[in-house]
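File shown: protein-v5.txt (compact mmCIF, C-alpha atoms and all ligand atoms).
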# COMPACT_ATOMS: atom_id res chain seq x y z
CA MET A 1 70.87 -116.43 -193.90
CA LYS A 2 69.72 -113.00 -193.02
CA ILE A 3 71.32 -109.63 -193.37
CA ILE A 4 71.71 -107.81 -190.10
CA ASN A 5 73.90 -104.74 -190.15
CA GLY A 6 75.92 -106.05 -193.04
CA ALA A 7 76.52 -109.49 -191.52
CA ILE A 8 75.20 -112.64 -193.15
CA LEU A 9 73.87 -115.11 -190.67
CA PRO A 10 72.82 -118.68 -191.45
CA ARG A 11 69.11 -119.45 -191.42
CA PRO A 12 67.61 -122.81 -192.29
CA GLU A 13 64.91 -121.51 -194.58
CA TYR A 14 67.54 -120.20 -196.98
CA GLU A 15 69.84 -123.17 -196.82
CA THR A 16 67.15 -125.53 -198.05
CA MET A 17 66.11 -123.35 -200.93
CA GLN A 18 69.09 -123.41 -203.25
CA PRO A 19 72.41 -125.27 -203.18
CA GLY A 20 74.29 -122.18 -204.32
CA LEU A 21 73.32 -120.32 -201.21
CA ASP A 22 75.38 -122.67 -199.12
CA PHE A 23 78.37 -120.90 -200.63
CA CYS A 24 77.02 -117.63 -199.34
CA ARG A 25 76.57 -119.08 -195.87
CA ARG A 26 80.15 -120.36 -195.79
CA MET A 27 81.53 -117.00 -196.79
CA GLY A 28 81.61 -115.89 -193.19
CA VAL A 29 79.60 -113.74 -190.94
CA ALA A 30 80.90 -110.19 -190.93
CA MET A 31 81.51 -108.09 -193.98
CA ASN A 32 80.96 -104.58 -195.15
CA LYS A 33 78.24 -103.59 -197.58
CA ARG A 34 80.56 -103.51 -200.57
CA LEU A 35 81.62 -107.10 -200.01
CA LEU A 36 78.02 -108.04 -199.42
CA THR A 37 77.02 -106.61 -202.79
CA VAL A 38 79.76 -108.57 -204.51
CA LEU A 39 78.73 -111.76 -202.74
CA LEU A 40 75.09 -111.38 -203.68
CA SER A 41 76.12 -110.78 -207.28
CA LEU A 42 78.12 -114.01 -207.20
CA CYS A 43 75.15 -115.83 -205.77
CA ALA A 44 72.91 -114.49 -208.48
CA ALA A 45 75.26 -114.94 -211.39
CA GLY A 46 77.22 -118.06 -210.69
CA PHE A 47 75.96 -120.00 -207.79
CA ALA A 48 72.22 -119.70 -207.72
CA SER A 49 70.67 -122.30 -209.97
CA ALA A 50 67.49 -120.32 -210.56
CA ASP A 51 66.85 -118.42 -213.77
CA GLU A 52 65.88 -115.35 -211.81
CA PRO A 53 68.51 -113.66 -209.65
CA LEU A 54 68.25 -113.93 -205.91
CA VAL A 55 66.70 -110.74 -204.57
CA LEU A 56 66.41 -109.95 -200.88
CA CYS A 57 64.08 -107.60 -199.11
CA LYS A 58 65.92 -105.84 -196.33
CA GLY A 59 63.16 -106.56 -193.87
CA PHE A 60 60.24 -104.88 -192.19
CA LEU A 61 62.45 -102.74 -190.00
CA PRO A 62 65.71 -100.97 -190.66
CA ALA A 63 68.61 -103.20 -189.61
CA ASN A 64 68.66 -103.75 -185.86
CA ASP A 65 70.53 -106.01 -183.49
CA LEU A 66 67.66 -106.51 -181.09
CA LYS A 67 66.97 -110.13 -180.19
CA ILE A 68 64.32 -111.60 -177.92
CA GLU A 69 64.74 -115.28 -177.18
CA VAL A 70 61.97 -117.66 -176.14
CA GLY A 71 61.62 -117.32 -172.37
CA ASP A 72 63.41 -113.96 -172.27
CA VAL A 73 62.29 -111.63 -169.50
CA ASN A 74 61.41 -109.17 -172.29
CA ALA A 75 59.23 -111.67 -174.13
CA LEU A 76 56.02 -109.74 -173.53
CA GLY A 77 54.38 -109.83 -176.94
CA VAL A 78 52.03 -112.49 -178.31
CA SER A 79 52.06 -116.16 -177.32
CA SER A 80 53.27 -118.92 -179.61
CA ALA A 81 49.65 -120.00 -180.04
CA THR A 82 48.71 -116.53 -181.30
CA PHE A 83 51.84 -116.39 -183.47
CA TYR A 84 50.91 -119.58 -185.27
CA ALA A 85 47.18 -118.78 -185.39
CA VAL A 86 47.76 -115.40 -187.04
CA LEU A 87 50.30 -116.69 -189.53
CA ASP A 88 48.30 -119.84 -190.31
CA ARG A 89 45.43 -117.56 -191.25
CA VAL A 90 47.64 -115.36 -193.44
CA GLU A 91 48.95 -118.49 -195.12
CA ALA A 92 45.48 -119.97 -195.65
CA VAL A 93 44.21 -116.74 -197.21
CA TYR A 94 47.18 -116.11 -199.47
CA LYS A 95 48.24 -119.57 -200.61
CA PRO A 96 45.42 -119.76 -203.17
CA ILE A 97 45.95 -116.13 -204.17
CA PHE A 98 49.62 -116.79 -204.85
CA ALA A 99 48.74 -120.04 -206.62
CA ALA A 100 46.44 -118.12 -208.95
CA LYS A 101 49.48 -116.04 -209.88
CA GLY A 102 51.50 -119.18 -210.59
CA ALA A 103 53.53 -118.95 -207.41
CA LYS A 104 53.92 -120.97 -204.23
CA LEU A 105 53.77 -119.05 -200.97
CA LYS A 106 56.30 -120.31 -198.44
CA LEU A 107 55.56 -118.62 -195.13
CA ASN A 108 58.31 -119.53 -192.68
CA LYS A 109 57.09 -119.29 -189.09
CA ARG A 110 60.32 -119.15 -187.10
CA TRP A 111 59.00 -118.87 -183.56
CA ASP A 112 62.34 -119.86 -182.04
CA ASP A 113 64.28 -117.23 -183.98
CA PRO A 114 65.07 -114.21 -181.74
CA ALA A 115 65.30 -111.62 -184.54
CA VAL A 116 62.98 -108.63 -184.19
CA ASP A 117 62.17 -108.39 -187.86
CA ALA A 118 60.60 -110.07 -190.88
CA SER A 119 61.58 -110.30 -194.55
CA ALA A 120 60.55 -111.40 -198.02
CA MET A 121 62.42 -113.04 -200.88
CA LYS A 122 61.83 -114.95 -204.06
CA PHE A 123 63.20 -118.11 -205.63
CA ASP A 124 61.69 -118.66 -209.06
CA ALA A 125 58.03 -119.46 -208.40
CA THR A 126 58.52 -119.94 -204.67
CA TRP A 127 57.80 -116.66 -202.94
CA VAL A 128 59.00 -116.55 -199.37
CA VAL A 129 57.89 -114.63 -196.30
CA ASN A 130 60.02 -115.01 -193.18
CA MET A 131 58.44 -114.22 -189.83
CA TYR A 132 60.60 -114.33 -186.72
CA GLY A 133 59.52 -115.03 -183.16
CA GLY A 134 61.62 -112.21 -181.73
CA LEU A 135 59.33 -109.71 -183.44
CA ALA A 136 56.22 -111.43 -182.06
CA ARG A 137 57.70 -111.47 -178.55
CA HIS A 138 58.31 -107.71 -178.50
CA GLN A 139 55.97 -106.11 -176.00
CA ALA A 140 54.64 -103.66 -178.59
CA VAL A 141 53.46 -106.38 -180.92
CA THR A 142 49.84 -107.50 -180.78
CA ALA A 143 48.06 -110.06 -182.95
CA GLU A 144 46.97 -107.23 -185.25
CA GLY A 145 50.51 -105.83 -185.37
CA LEU A 146 51.91 -109.24 -186.24
CA ALA A 147 49.31 -109.65 -188.99
CA LEU A 148 50.22 -106.23 -190.35
CA VAL A 149 53.92 -107.13 -190.55
CA ALA A 150 53.10 -110.37 -192.39
CA CYS A 151 50.83 -108.37 -194.69
CA HIS A 152 53.67 -105.93 -195.40
CA GLU A 153 55.87 -108.84 -196.49
CA ILE A 154 53.06 -110.30 -198.59
CA GLY A 155 52.78 -106.84 -200.11
CA HIS A 156 56.36 -106.95 -201.37
CA HIS A 157 55.30 -109.91 -203.51
CA ILE A 158 51.85 -108.91 -204.77
CA GLY A 159 51.42 -105.29 -203.68
CA GLY A 160 51.76 -104.01 -207.26
CA PHE A 161 52.42 -100.33 -207.93
CA PRO A 162 54.85 -98.77 -207.17
CA LYS A 163 57.70 -101.25 -207.62
CA LYS A 164 61.33 -100.86 -206.66
CA SER A 165 63.50 -99.96 -209.65
CA GLY A 166 64.61 -102.99 -211.62
CA VAL A 167 63.45 -105.64 -209.17
CA TRP A 168 60.32 -107.59 -208.44
CA ALA A 169 59.43 -106.09 -205.10
CA THR A 170 56.83 -103.47 -204.33
CA THR A 171 58.41 -100.48 -202.59
CA GLU A 172 58.45 -100.28 -198.79
CA GLY A 173 55.75 -97.62 -198.77
CA GLY A 174 53.73 -99.60 -201.30
CA ALA A 175 53.97 -102.73 -199.13
CA ASP A 176 52.80 -100.74 -196.11
CA TYR A 177 49.86 -99.34 -198.09
CA PHE A 178 48.91 -102.77 -199.44
CA ALA A 179 49.02 -104.22 -195.92
CA THR A 180 45.98 -102.30 -194.73
CA LEU A 181 44.42 -101.57 -198.13
CA LYS A 182 43.97 -105.27 -198.96
CA CYS A 183 45.66 -107.84 -196.77
CA MET A 184 44.43 -106.88 -193.31
CA ARG A 185 40.84 -106.88 -194.59
CA LEU A 186 41.27 -110.50 -195.59
CA VAL A 187 43.24 -111.85 -192.66
CA LEU A 188 41.49 -110.11 -189.77
CA THR A 189 38.47 -111.88 -188.33
CA GLY A 190 36.35 -108.73 -187.97
CA LYS A 191 35.96 -109.55 -184.28
CA GLU A 192 39.03 -107.70 -183.03
CA ASP A 193 38.67 -105.63 -179.88
CA THR A 194 39.01 -102.11 -181.26
CA SER A 195 37.74 -100.37 -178.13
CA LYS A 196 41.21 -98.98 -177.39
CA LEU A 197 41.85 -97.69 -180.87
CA ASP A 198 43.18 -94.15 -181.05
CA PRO A 199 40.12 -91.83 -181.25
CA PHE A 200 41.55 -89.98 -184.24
CA ALA A 201 41.72 -93.20 -186.26
CA ALA A 202 38.34 -94.37 -184.98
CA THR A 203 36.74 -91.09 -186.07
CA ALA A 204 38.39 -91.32 -189.48
CA CYS A 205 37.17 -94.91 -189.99
CA ASN A 206 33.68 -93.89 -188.92
CA ALA A 207 33.66 -91.05 -191.44
CA ALA A 208 34.99 -93.22 -194.25
CA PHE A 209 32.68 -96.21 -193.88
CA SER A 210 28.97 -96.34 -193.08
CA GLY A 211 28.82 -100.14 -193.02
CA GLU A 212 29.69 -101.89 -189.75
CA ALA A 213 31.88 -104.59 -191.34
CA ASP A 214 33.91 -102.14 -193.43
CA ARG A 215 34.35 -99.85 -190.44
CA LYS A 216 35.49 -102.75 -188.30
CA PHE A 217 38.17 -103.78 -190.80
CA CYS A 218 39.31 -100.17 -191.06
CA GLU A 219 39.66 -100.05 -187.29
CA GLY A 220 41.50 -103.38 -187.27
CA GLY A 221 44.01 -102.13 -189.82
CA ALA A 222 44.59 -98.99 -187.77
CA LEU A 223 44.96 -101.11 -184.64
CA GLY A 224 47.76 -103.04 -186.33
CA GLY A 225 49.30 -99.70 -187.26
CA MET A 226 49.20 -98.61 -183.61
CA SER A 227 51.04 -101.74 -182.54
CA VAL A 228 53.75 -101.30 -185.14
CA ALA A 229 54.04 -97.58 -184.42
CA THR A 230 54.69 -98.40 -180.77
CA LEU A 231 57.45 -100.75 -181.91
CA PHE A 232 58.89 -97.98 -184.08
CA GLY A 233 58.90 -95.63 -181.10
CA VAL A 234 60.69 -98.11 -178.85
CA LEU A 235 63.32 -98.90 -181.47
CA ARG A 236 63.94 -95.21 -182.08
CA GLY A 237 64.01 -94.42 -178.38
CA LYS A 238 61.50 -91.63 -178.86
CA PRO A 239 57.77 -91.20 -178.39
CA GLN A 240 55.81 -93.27 -180.84
CA PRO A 241 54.28 -91.69 -183.94
CA SER A 242 50.64 -90.68 -183.61
CA PHE A 243 47.72 -90.72 -186.03
CA SER A 244 46.96 -87.11 -185.12
CA THR A 245 50.40 -85.75 -186.04
CA PRO A 246 50.72 -86.74 -189.70
CA ASP A 247 53.91 -86.21 -191.67
CA THR A 248 53.65 -82.96 -193.59
CA SER A 249 56.55 -83.53 -195.97
CA ALA A 250 56.19 -84.19 -199.70
CA VAL A 251 58.82 -86.12 -201.66
CA ALA A 252 60.08 -85.00 -205.05
CA GLN A 253 60.14 -88.60 -206.24
CA THR A 254 58.71 -91.81 -204.86
CA LEU A 255 60.78 -93.24 -202.03
CA GLU A 256 61.66 -96.91 -202.49
CA GLU A 257 63.11 -97.70 -199.07
CA HIS A 258 61.57 -97.35 -195.62
CA PRO A 259 59.73 -94.06 -195.10
CA ALA A 260 60.01 -92.28 -191.76
CA TYR A 261 58.07 -93.91 -188.94
CA GLN A 262 55.38 -91.23 -188.80
CA CYS A 263 54.97 -91.51 -192.54
CA ARG A 264 54.58 -95.29 -192.24
CA LEU A 265 51.85 -94.92 -189.62
CA ASP A 266 50.07 -92.42 -191.88
CA THR A 267 50.22 -94.99 -194.67
CA TYR A 268 48.61 -97.68 -192.51
CA LEU A 269 45.72 -95.34 -191.73
CA GLN A 270 45.26 -94.25 -195.33
CA GLY A 271 45.27 -97.85 -196.57
CA SER A 272 42.60 -98.61 -193.96
CA LEU A 273 40.51 -95.63 -195.10
CA CYS A 274 40.51 -96.36 -198.82
CA ALA A 275 37.09 -97.46 -200.04
CA LYS A 276 38.24 -99.39 -203.09
CA PRO A 277 36.91 -102.99 -203.13
CA VAL A 278 39.28 -105.48 -201.51
CA THR A 279 38.82 -107.73 -204.54
CA GLU A 280 40.33 -105.15 -206.90
CA ASP A 281 44.06 -105.86 -207.24
CA VAL A 282 46.73 -103.22 -206.94
CA ASP A 283 48.39 -103.66 -210.30
CA LYS A 284 50.57 -101.54 -212.58
CA ALA A 285 48.75 -98.20 -212.64
CA PRO A 286 48.43 -95.84 -209.65
CA ALA A 287 44.63 -96.14 -209.60
CA ASP A 288 44.49 -99.95 -209.84
CA GLY A 289 42.81 -101.16 -206.68
CA ALA A 290 43.86 -97.99 -204.86
CA CYS A 291 42.47 -94.58 -203.97
CA THR A 292 43.90 -91.70 -205.94
CA ALA A 293 43.08 -88.01 -206.16
CA SER A 294 42.55 -88.49 -209.91
CA GLN A 295 39.51 -90.63 -209.08
CA GLY A 296 38.13 -88.00 -206.72
CA PHE A 297 39.17 -89.64 -203.45
CA ARG A 298 40.10 -87.29 -200.63
CA VAL A 299 41.13 -89.94 -198.11
CA GLY A 300 42.81 -93.31 -198.46
CA LEU A 301 45.53 -91.98 -200.76
CA ARG A 302 49.19 -92.97 -200.73
CA PRO A 303 50.75 -90.28 -198.48
CA ARG A 304 52.93 -87.71 -200.14
CA CYS A 305 55.64 -88.21 -197.52
CA TRP A 306 56.81 -91.22 -199.58
CA TYR A 307 54.77 -91.20 -202.80
CA LYS A 308 55.10 -88.80 -205.69
CA ALA A 309 51.90 -88.88 -207.74
CA PRO A 310 51.88 -88.02 -211.45
CA ALA A 311 51.87 -84.26 -212.07
CA GLY A 312 48.49 -82.69 -211.42
CA GLN A 313 47.21 -85.74 -209.53
CA GLU A 314 48.64 -84.97 -206.11
CA GLY A 315 46.30 -85.22 -203.19
CA PRO A 316 46.24 -82.96 -200.14
CA ARG A 317 49.61 -82.30 -198.53
CA VAL A 318 48.45 -83.98 -195.33
CA ALA A 319 46.26 -87.01 -195.86
CA SER A 320 44.23 -86.77 -192.65
CA ARG A 321 43.95 -83.98 -190.15
CA PRO A 322 41.77 -83.44 -187.11
CA GLU A 323 38.47 -81.74 -187.92
CA ASN A 324 39.29 -78.81 -185.65
CA ALA A 325 42.84 -78.42 -186.97
CA PRO A 326 43.67 -75.15 -188.74
CA SER A 327 43.88 -75.26 -192.53
CA GLU A 328 47.20 -74.82 -194.30
CA LYS A 329 46.12 -71.27 -195.21
CA GLU A 330 45.33 -70.46 -191.59
CA LEU A 331 48.70 -71.82 -190.56
CA GLU A 332 50.44 -69.70 -193.16
CA ILE A 333 48.68 -66.59 -191.85
CA THR A 334 49.64 -67.47 -188.28
CA ILE A 335 53.26 -68.10 -189.20
CA GLU A 336 53.44 -64.84 -191.15
CA ALA A 337 52.00 -62.92 -188.17
CA MET A 338 54.57 -64.52 -185.86
CA ARG A 339 57.35 -63.72 -188.31
CA GLN A 340 56.31 -60.07 -188.42
CA ALA A 341 56.01 -59.90 -184.64
CA LEU A 342 59.49 -61.35 -184.19
CA SER A 343 61.01 -59.01 -186.76
CA GLY A 344 59.25 -56.02 -185.20
CA SER A 345 57.64 -55.03 -188.48
ZN ZN B 401 59.69 -104.34 -196.41
Spell out the structure here as structure tokens.
Amino acid sequence: MKIINGAILPRPEYETMQPGLDFCRRMGVAMNKRLLTVLLSLCAAGFASADEPLVLCKGFLPANDLKIEVGDVNALGVSSATFYAVLDRVEAVYKPIFAAKGAKLKLNKRWDDPAVDASAMKFDATWVVNMYGGLARHQAVTAEGLALVACHEIGHHIGGFPKKSGVWATTEGGADYFATLKCMRLVLTGKEDTSKLDPFAATACNAAFSGEADRKFCEGGALGGMSVATLFGVLRGKPQPSFSTPDTSAVAQTLEEHPAYQCRLDTYLQGSLCAKPVTEDVDKAPADGACTASQGFRVGLRPRCWYKAPAGQEGPRVASRPENAPSEKELEITIEAMRQALSGS
């Protein structure tokens, strides 16, 4: 089953996991969020046989009703061959990594499923990633974009800090950061065609990495971000976010759910730009396997539009800005001059 706008829909990958979930499936298809919460509690407390409660990730995207069937006129994304090739590679890379953590990765490749989304969940030591063909068939989704989405879901399982309150999953922003910080560097081939990468991102990767291989993986991560950002733009019905217009907001506390689309794109770029070794795990502390201002990094940090760093360890307000862009001080002076001009003072 899958949650779409408060409705629970049957899905085979769930039905085979636990007998108690069959109860959930039979409970009907349309219910409000309050009923849904009660039902999930029942599943966790009385019907799920596992020691650990059933926990669901809401998915890569905010709830949407978009569906793209196989053969649909709008099926303009990647082919089934690419879908399986990308996900087979993600599976091959991460099965042993999960096994080393005492878990079994179950990566469900549901090519026939029309849902434009992906999700992650956990049943005891079986950690599940669900990838749906509808997402892969969306015209915005490239092989790199598909890999990034799978990496985001992997990140919910092993993306480490910061975690959602009281549950196993890494936060949405943390899963986005992990996707390009670690996962994309392992699942990309290094031979991706990055010639059409946004120049802003290409320049940033070039400045961050002197080595060809590192630069190439940085560009590949950003390329995946471009694909997903295009998807965000289409779903929102507005122009897609851009690398060169970073989110300038700063949260008062770390956001656990989906950040704004621009903020998510910023996160993909910053994960790509971080120079921490890919072999160093993101664990419990902010600096584990990640770039932080406390370690002297100026790029590659978790963006402040979703992440609240410990006091005194905040990075720059905007993670990356064009070289010729005015500084915050210059902007303040300009705004003050405009204010005075408008007020006639
Ligand atoms: Zn997610």
With a cut-off of 7 Å, could you pull out the residues of chain A touching ligand ZN 401 (chain B) and give me the nearest pair of atoms for each, distance in Å to one decimal, using all atoms listed in the file, ordered by chain and ascending number, as JSON lines?
{"residue": "A:Cys57", "atom": "CA", "partner": "B:ZN401", "partner_atom": "ZN", "distance": 6.1}
{"residue": "A:Lys58", "atom": "CA", "partner": "B:ZN401", "partner_atom": "ZN", "distance": 6.4}
{"residue": "A:Gly59", "atom": "CA", "partner": "B:ZN401", "partner_atom": "ZN", "distance": 4.8}
{"residue": "A:Phe60", "atom": "CA", "partner": "B:ZN401", "partner_atom": "ZN", "distance": 4.3}
{"residue": "A:Ser119", "atom": "CA", "partner": "B:ZN401", "partner_atom": "ZN", "distance": 6.5}
{"residue": "A:His152", "atom": "CA", "partner": "B:ZN401", "partner_atom": "ZN", "distance": 6.3}
{"residue": "A:Glu153", "atom": "CA", "partner": "B:ZN401", "partner_atom": "ZN", "distance": 5.9}
{"residue": "A:His156", "atom": "CA", "partner": "B:ZN401", "partner_atom": "ZN", "distance": 6.5}
{"residue": "A:Glu172", "atom": "CA", "partner": "B:ZN401", "partner_atom": "ZN", "distance": 4.9}
{"residue": "A:Ala175", "atom": "CA", "partner": "B:ZN401", "partner_atom": "ZN", "distance": 6.5}
| Of the candidates A:Ser343, A:Ser210, A:Thr279, A:Thr82, which shows the shortest atom-to-atom distance to Ala143 in chain A, using all atoms listed in the file? |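 Between A:Ser343, A:Ser210, A:Thr279, A:Thr82, the residue approaching Ala143 in chain A most closely is A:Thr82.
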| request: Enter the distance from CA of Ala140 in chain A to CA of Asn64 in chain A, in Å, rounded to one decimal. | output: 15.8 Å
| query | How would you write as an MDAnalysis selection string the residues that get within 9 Å of (55.9, -92.5, -202.2) in the file's frame, counting all atoms listed in the file? | reply | chainID A and resid 162 171:174 250:251 253:256 259 302:309
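The coordinates place CA of Asp193 in chain A at 24.1 Å from CA of Ile154 in chain A.
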| query | Pick the closest to Ala118 in chain A from A:Ala337, A:Leu61, A:Leu186, A:Val234: which is it, counting all atoms listed in the file? | reply | A:Leu61
| Do you have the CA of Pro241 in chain A-CA of Asp266 in chain A distance handy? |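 Between CA of Pro241 in chain A and CA of Asp266 in chain A the gap is 9.0 Å.
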| query | Near Leu87 in chain A, counting all atoms listed in the file, which residues have an atom at most 8 Å away, once you skip same-chain residues fewer than 5 positions from it, shown as a PyMOL selection string? | reply | chain A and resi 107+109+147+150
| field | A:Leu265, A:Leu273, A:Met226, A:Leu188 ranked by distance to Ala207 in chain A, top pick (using all atoms listed in the file) | value |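 Of A:Leu265, A:Leu273, A:Met226, A:Leu188, the one nearest Ala207 in chain A, counting all atoms listed in the file, is A:Leu273.
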May I have the residues within 7 Å of range 89-103 of chain A as an mmCIF file with C-alpha atoms, in the coordinates of the input, using all atoms listed in the file and disregarding those fewer than 6 positions away in the same chain?
data_model
loop_
_atom_site.group_PDB
_atom_site.id
_atom_site.type_symbol
_atom_site.label_atom_id
_atom_site.label_comp_id
_atom_site.auth_asym_id
_atom_site.auth_seq_id
_atom_site.Cartn_x
_atom_site.Cartn_y
_atom_site.Cartn_z
ATOM 1 C CA ALA A 125 58.030 -119.460 -208.400
ATOM 2 C CA THR A 126 58.520 -119.940 -204.670
ATOM 3 C CA TRP A 127 57.800 -116.660 -202.940
ATOM 4 C CA VAL A 187 43.240 -111.850 -192.660
#
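Each of A:Leu235, A:Gln139, A:Gly300, A:Asp176 was compared to Cys263 in chain A using all atoms listed in the file, and A:Asp176 turns out to be the nearest.
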| Protein and nucleic acid residues near (50.6, -87.5, -211.9) (cut-off 10 Å, only C-alpha atoms) as a VMD selection string | chain A and resid 286 292 to 294 308 to 315
Residue selection dump (C-alpha atoms) as a compact mmCIF listing (two decimals), in the coordinates of the input:
# COMPACT_ATOMS: atom_id res chain seq x y z
CA PRO A 286 48.43 -95.84 -209.65
CA THR A 292 43.90 -91.70 -205.94
CA ALA A 293 43.08 -88.01 -206.16
CA SER A 294 42.55 -88.49 -209.91
CA LYS A 308 55.10 -88.80 -205.69
CA ALA A 309 51.90 -88.88 -207.74
CA PRO A 310 51.88 -88.02 -211.45
CA ALA A 311 51.87 -84.26 -212.07
CA GLY A 312 48.49 -82.69 -211.42
CA GLN A 313 47.21 -85.74 -209.53
CA GLU A 314 48.64 -84.97 -206.11
CA GLY A 315 46.30 -85.22 -203.19
| Counting all atoms listed in the file, the residue of A:Ala136, A:Leu76, A:Leu231, A:Cys183 that sits nearest His157 in chain A |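 Counting all atoms listed in the file, the residue closest to His157 in chain A is A:Cys183.
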